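Contents: one structure, followed by commentary.
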Amino acid sequence: MPGPPSPAASRPGPERVRPAAVLFDCDGVLADSEGLVNAIVAEDLTARGWRISADQARETFLGMASSAMRPIIEARVGPLPHDWVGALSERIAEEMHRSLQPIPGALAAVAAVRAAGIPIAVASNSARQELLAKLQRIGLEEAFAGRAFSYEDVPRPKPAPDLFLAAARSCGMAPEACVVVEDSLLGGRAGIAAGCRVLGLTRETDASVFRAIGAIPFAAMADLPGLLGLTAA
């Protein structure tokens with residue numbers, strides 16, 4: 001007859017250790033915005049002479065800040081207007097207000113983390129105007145009040161660690177005590193570079209890609225509370 005489990009066997013795995021704070025990406029993690037944004041970017045670039053589909057825009061720019069997108073685009077179509085980033089952000093924000101929906105399970109996951117008394121922040125490669133519009137539309141503006149960071153708030157966008165370092169500071173926690181929730185390779189690398197434990201949502205990125213950088217893949221936001229040690233495994 002087998003004996004009781006050893007203490008090591010009964011301890012939670014590293015993916016189920018309760019974090020000191022949870023740092024969320026926005027696009028593809030909280031807001032189901034990737035398709036909308038990719039369609040707008042594809043339409044804009046096609047009009048400028050780069051015939052590109054929404055799917056191709058996703059493959060090229062997933063997780064990338066518009067400031068990092070600009071040199072790639074200008075190499076194909078020539079100089080962009082000085083206000084291109086602002087105009088694109090305004091157009092995206094308008095579309096968000098009309099039709100954006102949350103990622104399935106995201107609102108409940110955020111609510112579970114808050115109910116457990118764990119501080120949260122959001123760190124996004126979106127422009128500030130876009131980010132606030134997305135959070136407002138999906139009903140999370142208040143949840144992240146004072147802890148919503150866009151690439152405009154830090155020296156460097158993802159994959160640099162700046163956004164997640166700022167988000168961890170806003171929660172009053174050391175980065176290594178925080179969990180980052182991401183859906184892109186660039187974002188996952190940023191979380192790893194910041195010293196955080198990274199959980200990678202596989203809606204947009206293969207699980208193998210996350211494992212290769214040391215992140216822990218998971219399939220659905222409904223699974224997040226369990227992975228954070230907030231519910232039974």
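Letters A, B, ... go to the chains of the structure tokens in the order shown; residues in each chain start at 1; ligands are counted from 1 in the same order.
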
_Residues near Gly35 of chain A, anyone? I mean within 12 Å using only C-alpha atoms, not counting same-chain ones fewer than 2 positions away, as a PyMOL selection string._
chain A and resi 27-28+31-33+37-42+53-59+61-62+92+95-96+99-101+103+203-204

*Among segment 6-222 of chain A, which residues carry a DSSP assignment of alpha helix (DSSP H), reported as a PyMOL selection string?*
chain A and resi 7-10+34-47+54-61+66-77+84-99+106-115+128-137+162-170+185-194+207-212

_12 Å contact set for segment 81-91 of chain A, only C-alpha atoms, chain neighbours under 5 positions out, as an MDAnalysis selection string_ = chainID A and resid 36:45 48 65:71 73:74 96:98 125:134 152

Residues of segment 15-36 of chain A within 9 Å of segment 226-229 of chain A: nearest atom pair and distance (Å, one decimal) for each, counting only C-alpha atoms, sorted by chain and number, as JSON lines?
{"residue": "A:Glu15", "atom": "CA", "partner": "A:Leu227", "partner_atom": "CA", "distance": 5.6}
{"residue": "A:Arg16", "atom": "CA", "partner": "A:Gly229", "partner_atom": "CA", "distance": 4.5}
{"residue": "A:Val17", "atom": "CA", "partner": "A:Gly229", "partner_atom": "CA", "distance": 5.5}
{"residue": "A:Arg18", "atom": "CA", "partner": "A:Gly229", "partner_atom": "CA", "distance": 4.9}
{"residue": "A:Pro19", "atom": "CA", "partner": "A:Leu228", "partner_atom": "CA", "distance": 6.7}
{"residue": "A:Val22", "atom": "CA", "partner": "A:Leu228", "partner_atom": "CA", "distance": 8.9}

_Best match for closeness to Asp183 of chain A among A:Cys26, A:Ala106, A:Leu140, A:Val77, counting only C-alpha atoms_ = A:Cys26

*asked:* I need the residues of chain A that end up classed as strand (DSSP E or B) by DSSP on the backbone, written out as a ChimeraX atom specification.
replied: /A:21-24,27,31,102,120-123,148-149,178-182,197-201,216-218

_Between atom CA of Ala168 of chain A and atom CA of Ile120 of chain A, what distance in Å does the model show, to one decimal?_
8.7 Å

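Each of A:Ala174, A:Ala148, A:Leu165, A:Leu185 was checked against Ser208 of chain A using only C-alpha atoms; the smallest atom-to-atom distance is that of A:Leu185.
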
*asked:* Using only C-alpha atoms, can you tell me which of A:Gly172, A:Pro102, A:Pro79, A:Pro119 comes closest to Val29 of chain A?
replied: A:Pro102

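As for atom CA of Val122 of chain A and atom CA of Leu186 of chain A, they are spaced 15.5 Å apart.
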
*Quote the spacing between atom CA of Met173 of chain A and atom CA of Ala194 of chain A in Å to one decimal place.*
12.3 Å

Using only C-alpha atoms, determine which residues lie at most 12 Å from Ala219 of chain A, disregarding the query and same-chain residues fewer than 2 positions distant; provide the list as a compact mmCIF listing (two decimals) with N, CA and C atoms, in the first residue's frame.
# COMPACT_ATOMS: atom_id res chain seq x y z
N VAL A 29 -4.69 39.35 -24.44
CA VAL A 29 -4.77 38.78 -23.10
C VAL A 29 -6.03 39.26 -22.39
N PRO A 104 -12.28 35.85 -23.90
CA PRO A 104 -13.09 34.98 -23.04
C PRO A 104 -12.34 34.58 -21.77
N GLY A 105 -13.00 34.75 -20.66
CA GLY A 105 -12.42 34.40 -19.37
C GLY A 105 -11.57 35.47 -18.73
N VAL A 181 1.52 37.95 -17.60
CA VAL A 181 0.62 37.19 -18.48
C VAL A 181 0.71 37.81 -19.86
N GLU A 182 1.20 37.05 -20.82
CA GLU A 182 1.48 37.55 -22.16
C GLU A 182 0.91 36.62 -23.23
N ASP A 183 0.86 37.12 -24.47
CA ASP A 183 0.42 36.26 -25.59
C ASP A 183 1.36 36.33 -26.78
N LEU A 199 3.67 33.57 -17.84
CA LEU A 199 2.67 32.64 -18.34
C LEU A 199 2.26 33.10 -19.73
N GLY A 200 2.36 32.21 -20.71
CA GLY A 200 2.11 32.56 -22.10
C GLY A 200 0.81 31.99 -22.63
N LEU A 201 -0.15 32.85 -22.91
CA LEU A 201 -1.44 32.44 -23.48
C LEU A 201 -1.24 32.06 -24.94
N THR A 202 -1.70 30.89 -25.30
CA THR A 202 -1.37 30.34 -26.63
C THR A 202 -2.42 30.62 -27.69
N ARG A 203 -3.23 31.65 -27.53
CA ARG A 203 -4.18 32.02 -28.58
C ARG A 203 -3.47 32.48 -29.85
N GLU A 204 -2.37 33.21 -29.69
CA GLU A 204 -1.67 33.80 -30.83
C GLU A 204 -0.28 33.21 -31.06
N THR A 205 0.27 32.54 -30.07
CA THR A 205 1.65 32.07 -30.12
C THR A 205 1.71 30.61 -29.70
N ASP A 206 2.46 29.79 -30.42
CA ASP A 206 2.56 28.36 -30.11
C ASP A 206 3.19 28.15 -28.74
N ALA A 207 2.72 27.09 -28.07
CA ALA A 207 3.26 26.75 -26.76
C ALA A 207 4.76 26.52 -26.82
N PHE A 210 6.81 29.68 -26.38
CA PHE A 210 6.91 30.13 -24.99
C PHE A 210 7.87 29.25 -24.20
N ILE A 216 5.82 29.64 -19.31
CA ILE A 216 4.92 28.51 -19.10
C ILE A 216 3.66 28.74 -19.94
N PRO A 217 3.41 27.92 -20.96
CA PRO A 217 2.23 28.13 -21.81
C PRO A 217 0.95 27.67 -21.14
N MET A 221 -7.74 31.88 -20.64
CA MET A 221 -7.73 32.76 -19.48
C MET A 221 -8.53 32.18 -18.31
N ALA A 222 -9.48 31.32 -18.59
CA ALA A 222 -10.23 30.68 -17.51
C ALA A 222 -9.33 29.83 -16.63
N ASP A 223 -8.18 29.40 -17.18
CA ASP A 223 -7.23 28.57 -16.41
C ASP A 223 -6.32 29.40 -15.51
N LEU A 224 -6.30 30.71 -15.70
CA LEU A 224 -5.31 31.53 -15.02
C LEU A 224 -5.41 31.47 -13.49
N LEU A 227 -3.57 28.52 -12.26
CA LEU A 227 -2.13 28.60 -12.48
C LEU A 227 -1.46 29.55 -11.50

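Take the candidates A:Phe149, A:Cys196, A:Pro175, A:Ala109 and check each one against Thr231 of chain A using only C-alpha atoms; the shortest distance goes to A:Ala109.
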
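Using only C-alpha atoms, the smallest distance between any of A:Arg76, A:Glu34, A:Gly139, A:Gly187 and Thr46 of chain A comes from A:Arg76.
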
_Shell around Gly195 of chain A at 8 Å using only C-alpha atoms, local window under 2 positions removed, as a list in words_ = Pro175, Glu176, Gly191, Ile192, Ala193 and Arg197 of chain A
